[in-house]
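Source file: upload-v6.cif; contents: mmCIF, C-alpha atoms.
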```cif
data_upload
loop_
_atom_site.label_atom_id
_atom_site.label_comp_id
_atom_site.auth_asym_id
_atom_site.auth_seq_id
_atom_site.Cartn_x
_atom_site.Cartn_y
_atom_site.Cartn_z
CA MET A 548 -167.61 34.13 -55.99
CA ASP A 549 -165.95 32.24 -53.14
CA GLN A 550 -168.11 34.05 -50.57
CA ALA A 551 -171.30 33.34 -52.52
CA LEU A 552 -170.29 29.69 -52.93
CA PHE A 553 -169.53 29.47 -49.21
CA GLN A 554 -172.97 30.84 -48.37
CA PHE A 555 -174.68 28.43 -50.76
CA LEU A 556 -172.86 25.46 -49.23
CA LEU A 557 -173.83 26.64 -45.74
CA ARG A 558 -177.46 26.72 -46.83
CA MET A 559 -177.35 23.16 -48.10
CA GLY A 560 -175.44 21.89 -45.07
CA ASP A 561 -177.45 23.78 -42.48
CA ASN A 562 -180.73 22.49 -43.91
CA THR A 563 -179.63 18.88 -43.50
CA LEU A 564 -177.92 19.50 -40.15
CA ILE A 565 -180.91 21.11 -38.49
CA LEU A 566 -183.46 18.71 -39.95
CA GLY A 567 -181.22 15.75 -39.14
CA HIS A 568 -181.04 16.84 -35.51
CA ARG A 569 -184.78 17.43 -35.37
CA VAL A 570 -185.52 13.94 -36.75
CA SER A 571 -183.00 12.37 -34.35
CA GLU A 572 -185.12 13.63 -31.45
CA TRP A 573 -187.56 10.81 -32.22
CA CYS A 574 -184.97 8.15 -31.40
CA GLY A 575 -186.52 6.00 -28.67
CA HIS A 576 -189.81 7.92 -28.82
CA SER A 577 -191.44 6.85 -32.09
CA PRO A 578 -194.91 5.26 -32.06
CA VAL A 579 -193.58 1.86 -33.21
CA LEU A 580 -190.13 0.26 -33.41
CA GLU A 581 -190.07 0.21 -37.21
CA GLU A 582 -190.63 3.97 -37.35
CA ASP A 583 -188.01 4.52 -34.66
CA ILE A 584 -185.41 2.76 -36.80
CA ALA A 585 -186.55 4.44 -40.02
CA LEU A 586 -186.38 7.94 -38.55
CA ALA A 587 -182.98 7.24 -37.00
CA ASN A 588 -181.68 6.14 -40.39
CA THR A 589 -183.11 9.25 -42.03
CA ALA A 590 -181.36 11.42 -39.44
CA LEU A 591 -178.08 9.60 -40.05
CA ASP A 592 -178.41 10.14 -43.80
CA LEU A 593 -179.01 13.85 -43.30
CA ILE A 594 -176.08 14.26 -40.92
CA GLY A 595 -173.86 12.37 -43.37
CA GLN A 596 -174.89 14.83 -46.09
CA THR A 597 -174.14 17.68 -43.70
CA GLN A 598 -170.60 16.38 -43.29
CA MET A 599 -170.09 16.65 -47.06
CA TRP A 600 -171.70 20.07 -47.52
CA LEU A 601 -170.09 21.74 -44.51
CA GLY A 602 -166.78 20.01 -45.19
CA LEU A 603 -166.70 21.57 -48.66
CA ALA A 604 -167.87 24.90 -47.20
CA ALA A 605 -164.92 24.90 -44.81
CA GLU A 606 -162.58 24.13 -47.70
CA VAL A 607 -163.98 27.02 -49.73
CA GLN A 608 -163.80 29.36 -46.73
CA GLY A 609 -160.11 28.54 -46.30
CA GLU A 610 -159.82 29.62 -42.66
CA GLY A 611 -158.80 26.32 -41.13
CA ALA A 612 -162.27 25.29 -40.03
CA ASP A 613 -163.89 21.92 -40.71
CA ALA A 614 -167.44 20.59 -40.79
CA ASP A 615 -167.53 20.10 -37.00
CA LYS A 616 -166.47 23.68 -36.28
CA LEU A 617 -169.04 25.08 -38.67
CA ALA A 618 -171.73 22.91 -37.10
CA PHE A 619 -170.92 23.44 -33.44
CA LEU A 620 -169.20 26.81 -33.11
CA ARG A 621 -171.52 29.17 -34.98
CA ASP A 622 -174.29 31.11 -33.28
CA ALA A 623 -177.93 30.98 -34.34
CA TRP A 624 -177.76 34.14 -36.47
CA ASP A 625 -174.96 32.56 -38.55
CA PHE A 626 -177.08 29.61 -39.66
CA ARG A 627 -178.52 29.68 -43.18
CA ASN A 628 -181.17 26.97 -43.06
CA VAL A 629 -184.74 27.56 -44.17
CA LEU A 630 -187.20 28.02 -41.34
CA LEU A 631 -189.18 24.90 -42.27
CA VAL A 632 -186.50 22.51 -41.02
CA GLU A 633 -186.28 24.07 -37.56
CA MET A 634 -190.00 23.80 -36.87
CA PRO A 635 -190.73 21.55 -33.86
CA ASN A 636 -191.55 17.89 -34.36
CA GLY A 637 -195.04 18.13 -32.94
CA ASP A 638 -196.84 14.82 -33.27
CA PHE A 639 -195.72 12.04 -35.63
CA GLY A 640 -197.90 13.39 -38.42
CA GLN A 641 -196.39 16.87 -38.20
CA THR A 642 -192.89 15.41 -38.32
CA LEU A 643 -193.66 13.40 -41.45
CA MET A 644 -195.44 16.31 -43.13
CA ARG A 645 -192.41 18.53 -42.49
CA GLN A 646 -190.19 15.76 -43.86
CA PHE A 647 -192.30 15.37 -46.98
CA LEU A 648 -192.44 19.09 -47.75
CA PHE A 649 -188.66 19.29 -47.44
CA ASP A 650 -187.94 15.97 -49.19
CA ALA A 651 -189.89 17.09 -52.26
CA TRP A 652 -187.80 20.27 -52.56
CA HIS A 653 -184.58 18.45 -51.65
CA SER A 654 -185.03 15.77 -54.31
CA ILE A 655 -185.62 18.36 -57.04
CA MET A 656 -182.70 20.55 -55.95
CA LEU A 657 -180.29 17.61 -55.81
CA GLY A 658 -181.43 16.47 -59.24
CA ARG A 659 -180.44 19.85 -60.67
CA LEU A 660 -177.18 19.97 -58.70
CA MET A 661 -176.07 16.67 -60.22
CA THR A 662 -175.31 18.66 -63.39
CA SER A 663 -173.50 21.45 -61.52
CA SER A 664 -170.42 22.98 -63.11
CA ASN A 665 -168.71 22.37 -59.76
CA GLU A 666 -167.60 18.73 -59.81
CA GLN A 667 -167.51 18.42 -56.03
CA ILE A 668 -171.07 19.69 -55.68
CA ALA A 669 -172.25 17.40 -58.48
CA ALA A 670 -170.63 14.43 -56.72
CA ILE A 671 -172.22 15.28 -53.35
CA ALA A 672 -175.60 15.71 -55.02
CA ALA A 673 -175.32 12.36 -56.82
CA LYS A 674 -174.55 10.55 -53.55
CA ALA A 675 -177.19 12.38 -51.51
CA SER A 676 -179.84 11.97 -54.20
CA LYS A 677 -179.89 8.20 -53.74
CA GLU A 678 -180.74 8.62 -50.06
CA VAL A 679 -183.25 11.42 -50.61
CA THR A 680 -185.12 9.40 -53.23
CA TYR A 681 -185.88 6.90 -50.47
CA HIS A 682 -186.69 9.67 -47.97
CA LEU A 683 -189.24 11.15 -50.37
CA GLU A 684 -190.82 7.79 -51.19
CA ARG A 685 -191.22 6.97 -47.52
CA SER A 686 -192.49 10.37 -46.36
CA ALA A 687 -194.93 10.61 -49.29
CA ASP A 688 -196.32 7.14 -48.59
CA THR A 689 -196.77 8.00 -44.92
CA VAL A 690 -198.49 11.30 -45.68
CA VAL A 691 -200.93 9.46 -47.98
CA GLY A 692 -201.50 6.66 -45.48
CA LEU A 693 -202.28 9.04 -42.63
CA GLY A 694 -204.09 11.67 -44.68
CA ASP A 695 -206.39 9.13 -46.28
CA GLY A 696 -206.67 7.09 -43.10
CA THR A 697 -208.96 7.56 -40.15
CA GLU A 698 -210.90 10.71 -39.37
CA GLU A 699 -208.42 11.44 -36.59
CA SER A 700 -205.29 10.90 -38.69
CA HIS A 701 -206.74 12.96 -41.54
CA ALA A 702 -207.50 15.87 -39.21
CA ARG A 703 -204.00 15.78 -37.74
CA MET A 704 -202.33 15.71 -41.16
CA GLN A 705 -204.44 18.62 -42.39
CA ALA A 706 -203.54 20.57 -39.26
CA ALA A 707 -199.86 19.80 -39.86
CA LEU A 708 -200.08 20.98 -43.47
CA ASP A 709 -201.90 24.16 -42.44
CA TYR A 710 -199.23 24.88 -39.82
CA LEU A 711 -196.19 24.19 -42.02
CA TRP A 712 -197.36 25.52 -45.37
CA PRO A 713 -196.48 29.19 -44.67
CA TYR A 714 -192.81 28.13 -44.40
CA VAL A 715 -192.69 26.45 -47.82
CA GLY A 716 -192.37 29.65 -49.86
CA GLU A 717 -188.94 30.50 -48.46
CA MET A 718 -187.39 27.55 -50.30
CA PHE A 719 -188.12 29.32 -53.59
CA VAL A 720 -186.94 32.84 -52.76
CA SER A 721 -183.89 33.98 -54.76
CA ASP A 722 -181.23 36.49 -53.75
CA ASP A 723 -177.74 37.64 -54.81
CA VAL A 724 -176.14 34.38 -53.68
CA ASP A 725 -178.51 32.41 -55.89
CA ALA A 726 -177.89 34.77 -58.81
CA ALA A 727 -174.15 34.19 -58.49
CA MET A 728 -174.64 30.42 -58.41
CA VAL A 729 -176.86 30.54 -61.50
CA ALA A 730 -174.37 32.73 -63.39
CA ALA A 731 -171.58 30.26 -62.64
CA GLY A 732 -173.68 27.23 -63.58
CA ILE A 733 -173.28 25.88 -60.06
CA ALA A 734 -176.90 25.76 -58.89
CA PRO A 735 -180.39 26.52 -60.23
CA ASP A 736 -182.48 29.54 -59.44
CA PRO A 737 -184.74 28.41 -56.55
CA LYS A 738 -187.70 30.07 -58.25
CA ALA A 739 -187.28 27.70 -61.19
CA LEU A 740 -188.03 24.70 -58.94
CA ARG A 741 -191.49 25.82 -57.87
CA GLU A 742 -193.53 24.48 -60.77
CA GLU A 743 -192.07 20.97 -60.49
CA TYR A 744 -192.45 21.11 -56.70
CA ASP A 745 -196.09 22.11 -56.85
CA ALA A 746 -196.86 19.32 -59.32
CA LEU A 747 -195.12 16.72 -57.15
CA ILE A 748 -196.71 17.64 -53.84
CA GLY A 749 -200.05 18.27 -55.54
CA ARG A 750 -200.24 14.66 -56.67
CA VAL A 751 -199.31 13.30 -53.26
CA LEU A 752 -201.58 15.59 -51.25
CA ALA A 753 -204.49 14.82 -53.58
CA ASP A 754 -203.97 11.10 -52.90
CA ALA A 755 -203.84 11.96 -49.20
CA THR A 756 -207.18 13.80 -49.52
CA LEU A 757 -205.53 16.89 -48.01
CA THR A 758 -206.24 20.47 -49.03
CA ILE A 759 -203.34 22.83 -49.78
CA PRO A 760 -203.85 26.18 -48.03
CA ASP A 761 -204.53 29.16 -50.30
CA SER A 762 -201.40 31.17 -49.49
CA LYS A 763 -198.21 30.15 -51.30
CA PHE A 764 -195.86 32.43 -49.41
CA GLY A 765 -195.53 33.25 -45.76
CA HIS A 766 -192.58 33.36 -43.39
CA THR A 767 -189.18 34.07 -44.93
CA GLY A 768 -185.82 35.11 -43.57
CA GLY A 769 -184.03 32.10 -42.12
CA ARG A 770 -181.46 31.88 -44.88
CA ASP A 771 -179.96 35.33 -44.35
CA GLY A 772 -179.32 34.64 -40.68
CA ARG A 773 -181.30 37.65 -39.44
CA MET A 774 -184.62 36.05 -38.61
CA HIS A 775 -184.77 32.58 -37.15
CA THR A 776 -187.49 31.34 -34.85
CA GLU A 777 -186.95 30.75 -31.15
CA HIS A 778 -186.93 27.04 -31.96
CA LEU A 779 -183.44 27.20 -33.50
CA GLY A 780 -181.90 28.67 -30.35
CA HIS A 781 -183.36 25.87 -28.22
CA LEU A 782 -182.20 23.25 -30.72
CA LEU A 783 -178.64 24.63 -30.86
CA THR A 784 -178.48 24.68 -27.07
CA GLN A 785 -178.93 20.91 -27.14
CA MET A 786 -176.85 20.23 -30.25
CA GLN A 787 -173.84 22.36 -29.36
CA TRP A 788 -173.70 21.87 -25.60
CA LEU A 789 -170.83 19.37 -25.42
CA GLN A 790 -168.54 21.28 -27.78
CA ARG A 791 -169.27 24.58 -26.06
CA ALA A 792 -168.78 23.12 -22.58
CA TYR A 793 -165.57 21.28 -23.48
CA PRO A 794 -163.96 23.19 -26.39
CA GLY A 795 -161.73 21.04 -28.55
CA ALA A 796 -162.55 17.84 -26.64
CA THR A 797 -161.90 14.59 -28.50
CA TRP A 798 -162.94 11.00 -27.83
#
```
Whole structure, structure tokens version:
Amino acid sequence: MDQALFQFLLRMGDNTLILGHRVSEWCGHSPVLEEDIALANTALDLIGQTQMWLGLAAEVQGEGADADKLAFLRDAWDFRNVLLVEMPNGDFGQTLMRQFLFDAWHSIMLGRLMTSSNEQIAAIAAKASKEVTYHLERSADTVVGLGDGTEESHARMQAALDYLWPYVGEMFVSDDVDAAMVAAGIAPDPKALREEYDALIGRVLADATLTIPDSKFGHTGGRDGRMHTEHLGHLLTQMQWLQRAYPGATW
């Protein structure tokens, strides 16, 4: 059980860590100042959630690590994030579409985790849920605004959805780790979230006048650590450089 719980916590923490770093890449580069600040705050929220998830993972692992060591001293094949969050930023529309597709899943998952049999997980979920509620509201509003905007913005948002949609299915794939979490009452079966997810994004994408691609499932494999994209290696090179170059350095 401890190993399954450790893997589940890595999944939650790695999702927020990798997406948080991706979003932070917009700092100083956003189209307008307001968006620059908003994306920076979103990144900070996600990294703060990472601290809680990976901190608890290190505690469960019991090998003397902490959140920083799990974040900065693992190699790409040891990361358990879904592939969606490591996809490149692309243009502003692609970034917000990626954010929306993840936020919708994240908000539903956290809602279920708030009733977890594990009190620490329930507490993390309750705190993170407040932030993610805002993330979802903002990303959904932006997707609608751009999708139902100009001809150019609509085309870009549809292209972003077409590009990212094949990565959505992985968030609902269940394995032995998920089965163990369900049996212990710790977390829901990811498959059980799909109906609510589809209803939520369906409403938003309809308002955005965007068409959901036909295929529900596509790329899978990021969570088991065996199949990440080349994008994760490039991202980790940036994210882990200081700790790798100066092991154990402190401010």
List, as a PDB file with C-alpha atoms, in the frame of the given file, every residue that the PyMOL selection byres ((chain A and resi 669-682) around 8) selects in the file provided.
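This is the output file result_33.pdb:
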```pdb
ATOM      1  CA  THR A 589    -183.110   9.250 -42.030  1.00  0.00           C
ATOM      2  CA  ASP A 592    -178.410  10.140 -43.800  1.00  0.00           C
ATOM      3  CA  GLN A 596    -174.890  14.830 -46.090  1.00  0.00           C
ATOM      4  CA  MET A 599    -170.090  16.650 -47.060  1.00  0.00           C
ATOM      5  CA  TRP A 600    -171.700  20.070 -47.520  1.00  0.00           C
ATOM      6  CA  ASP A 650    -187.940  15.970 -49.190  1.00  0.00           C
ATOM      7  CA  HIS A 653    -184.580  18.450 -51.650  1.00  0.00           C
ATOM      8  CA  SER A 654    -185.030  15.770 -54.310  1.00  0.00           C
ATOM      9  CA  LEU A 657    -180.290  17.610 -55.810  1.00  0.00           C
ATOM     10  CA  GLY A 658    -181.430  16.470 -59.240  1.00  0.00           C
ATOM     11  CA  LEU A 660    -177.180  19.970 -58.700  1.00  0.00           C
ATOM     12  CA  MET A 661    -176.070  16.670 -60.220  1.00  0.00           C
ATOM     13  CA  THR A 662    -175.310  18.660 -63.390  1.00  0.00           C
ATOM     14  CA  SER A 663    -173.500  21.450 -61.520  1.00  0.00           C
ATOM     15  CA  SER A 664    -170.420  22.980 -63.110  1.00  0.00           C
ATOM     16  CA  ASN A 665    -168.710  22.370 -59.760  1.00  0.00           C
ATOM     17  CA  GLU A 666    -167.600  18.730 -59.810  1.00  0.00           C
ATOM     18  CA  GLN A 667    -167.510  18.420 -56.030  1.00  0.00           C
ATOM     19  CA  ILE A 668    -171.070  19.690 -55.680  1.00  0.00           C
ATOM     20  CA  LEU A 683    -189.240  11.150 -50.370  1.00  0.00           C
ATOM     21  CA  GLU A 684    -190.820   7.790 -51.190  1.00  0.00           C
ATOM     22  CA  ARG A 685    -191.220   6.970 -47.520  1.00  0.00           C
ATOM     23  CA  SER A 686    -192.490  10.370 -46.360  1.00  0.00           C
TER      24      SER A 686
END
```
Hey, what comes out of the PyMOL selection byres ((chain A and resi 704) around 12) on this file? Could you write it as a PyMOL selection string? chain A and resi 637-645+647+689-703+705-712+752+755-759
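For the residues A:Leu630, A:Ile584, A:Leu740, A:Ala731, ranking by smallest atom-to-atom distance to Phe719 of chain A using all atoms listed in the file places A:Leu740 first.
Counting only C-alpha atoms, the residue from A:Val715, A:Val570, A:Val751, A:Val720 that sits nearest to Ala585 of chain A is A:Val570.
Across the structure, atom CA of Gly567 of chain A and atom CA of Leu593 of chain A are spaced 5.1 Å apart.
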Which one of A:Met656, A:Val724, A:Leu789, A:Ala651 sits closest to Ala746 of chain A if you count only C-alpha atoms? A:Ala651
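Here atom CA of Gln787 of chain A stands at a distance of 21.1 Å from atom CA of Asn588 of chain A.
The interatomic distance for the pair atom CA of Leu566 of chain A and atom CA of Phe553 of chain A works out to 19.9 Å.
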For segment 628-656 of chain A, supply N, CA and C atoms and format the output as a CSV table (one decimal), in the frame of the given file.
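Just written: selection_5.csv:
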```
chain,number,residue,atom,x,y,z
A,628,ASN,N,-180.1,27.9,-42.7
A,628,ASN,CA,-181.2,27.0,-43.1
A,628,ASN,C,-182.5,27.7,-43.3
A,629,VAL,N,-183.4,27.0,-44.0
A,629,VAL,CA,-184.7,27.6,-44.2
A,629,VAL,C,-185.5,27.3,-42.9
A,630,LEU,N,-186.5,28.1,-42.6
A,630,LEU,CA,-187.2,28.0,-41.3
A,630,LEU,C,-188.0,26.7,-41.2
A,631,LEU,N,-188.4,26.1,-42.3
A,631,LEU,CA,-189.2,24.9,-42.3
A,631,LEU,C,-188.5,23.8,-41.5
A,632,VAL,N,-187.2,23.6,-41.6
A,632,VAL,CA,-186.5,22.5,-41.0
A,632,VAL,C,-186.3,22.7,-39.5
A,633,GLU,N,-186.4,23.9,-39.0
A,633,GLU,CA,-186.3,24.1,-37.6
A,633,GLU,C,-187.6,24.0,-36.8
A,634,MET,N,-188.7,23.9,-37.5
A,634,MET,CA,-190.0,23.8,-36.9
A,634,MET,C,-190.0,22.6,-36.0
A,635,PRO,N,-190.7,22.7,-34.8
A,635,PRO,CA,-190.7,21.6,-33.9
A,635,PRO,C,-191.4,20.3,-34.4
A,636,ASN,N,-191.0,19.2,-33.9
A,636,ASN,CA,-191.6,17.9,-34.4
A,636,ASN,C,-193.1,17.8,-34.2
A,637,GLY,N,-193.6,18.3,-33.2
A,637,GLY,CA,-195.0,18.1,-32.9
A,637,GLY,C,-195.4,16.7,-32.8
A,638,ASP,N,-196.5,16.2,-33.3
A,638,ASP,CA,-196.8,14.8,-33.3
A,638,ASP,C,-196.2,14.1,-34.5
A,639,PHE,N,-196.4,12.8,-34.6
A,639,PHE,CA,-195.7,12.0,-35.6
A,639,PHE,C,-196.1,12.5,-37.0
A,640,GLY,N,-197.4,12.9,-37.1
A,640,GLY,CA,-197.9,13.4,-38.4
A,640,GLY,C,-197.2,14.7,-38.8
A,641,GLN,N,-197.0,15.6,-37.9
A,641,GLN,CA,-196.4,16.9,-38.2
A,641,GLN,C,-194.9,16.6,-38.6
A,642,THR,N,-194.3,15.7,-38.0
A,642,THR,CA,-192.9,15.4,-38.3
A,642,THR,C,-192.8,14.9,-39.7
A,643,LEU,N,-193.7,14.0,-40.1
A,643,LEU,CA,-193.7,13.4,-41.4
A,643,LEU,C,-194.1,14.4,-42.5
A,644,MET,N,-195.0,15.3,-42.2
A,644,MET,CA,-195.4,16.3,-43.1
A,644,MET,C,-194.3,17.3,-43.4
A,645,ARG,N,-193.6,17.7,-42.3
A,645,ARG,CA,-192.4,18.5,-42.5
A,645,ARG,C,-191.4,17.8,-43.4
A,646,GLN,N,-191.2,16.5,-43.1
A,646,GLN,CA,-190.2,15.8,-43.9
A,646,GLN,C,-190.6,15.7,-45.3
A,647,PHE,N,-191.8,15.5,-45.6
A,647,PHE,CA,-192.3,15.4,-47.0
A,647,PHE,C,-192.1,16.7,-47.7
A,648,LEU,N,-192.5,17.8,-47.1
A,648,LEU,CA,-192.4,19.1,-47.8
A,648,LEU,C,-191.0,19.4,-48.1
A,649,PHE,N,-190.1,19.0,-47.2
A,649,PHE,CA,-188.7,19.3,-47.4
A,649,PHE,C,-188.1,18.3,-48.4
A,650,ASP,N,-188.5,17.0,-48.3
A,650,ASP,CA,-187.9,16.0,-49.2
A,650,ASP,C,-188.3,16.3,-50.6
A,651,ALA,N,-189.5,16.8,-50.9
A,651,ALA,CA,-189.9,17.1,-52.3
A,651,ALA,C,-189.0,18.2,-52.9
A,652,TRP,N,-188.7,19.2,-52.1
A,652,TRP,CA,-187.8,20.3,-52.6
A,652,TRP,C,-186.4,19.7,-52.7
A,653,HIS,N,-186.0,19.0,-51.7
A,653,HIS,CA,-184.6,18.4,-51.6
A,653,HIS,C,-184.3,17.6,-52.9
A,654,SER,N,-185.2,16.7,-53.2
A,654,SER,CA,-185.0,15.8,-54.3
A,654,SER,C,-184.9,16.5,-55.6
A,655,ILE,N,-185.7,17.6,-55.8
A,655,ILE,CA,-185.6,18.4,-57.0
A,655,ILE,C,-184.3,19.2,-57.1
A,656,MET,N,-184.0,19.8,-56.0
A,656,MET,CA,-182.7,20.6,-56.0
A,656,MET,C,-181.5,19.7,-56.2
```
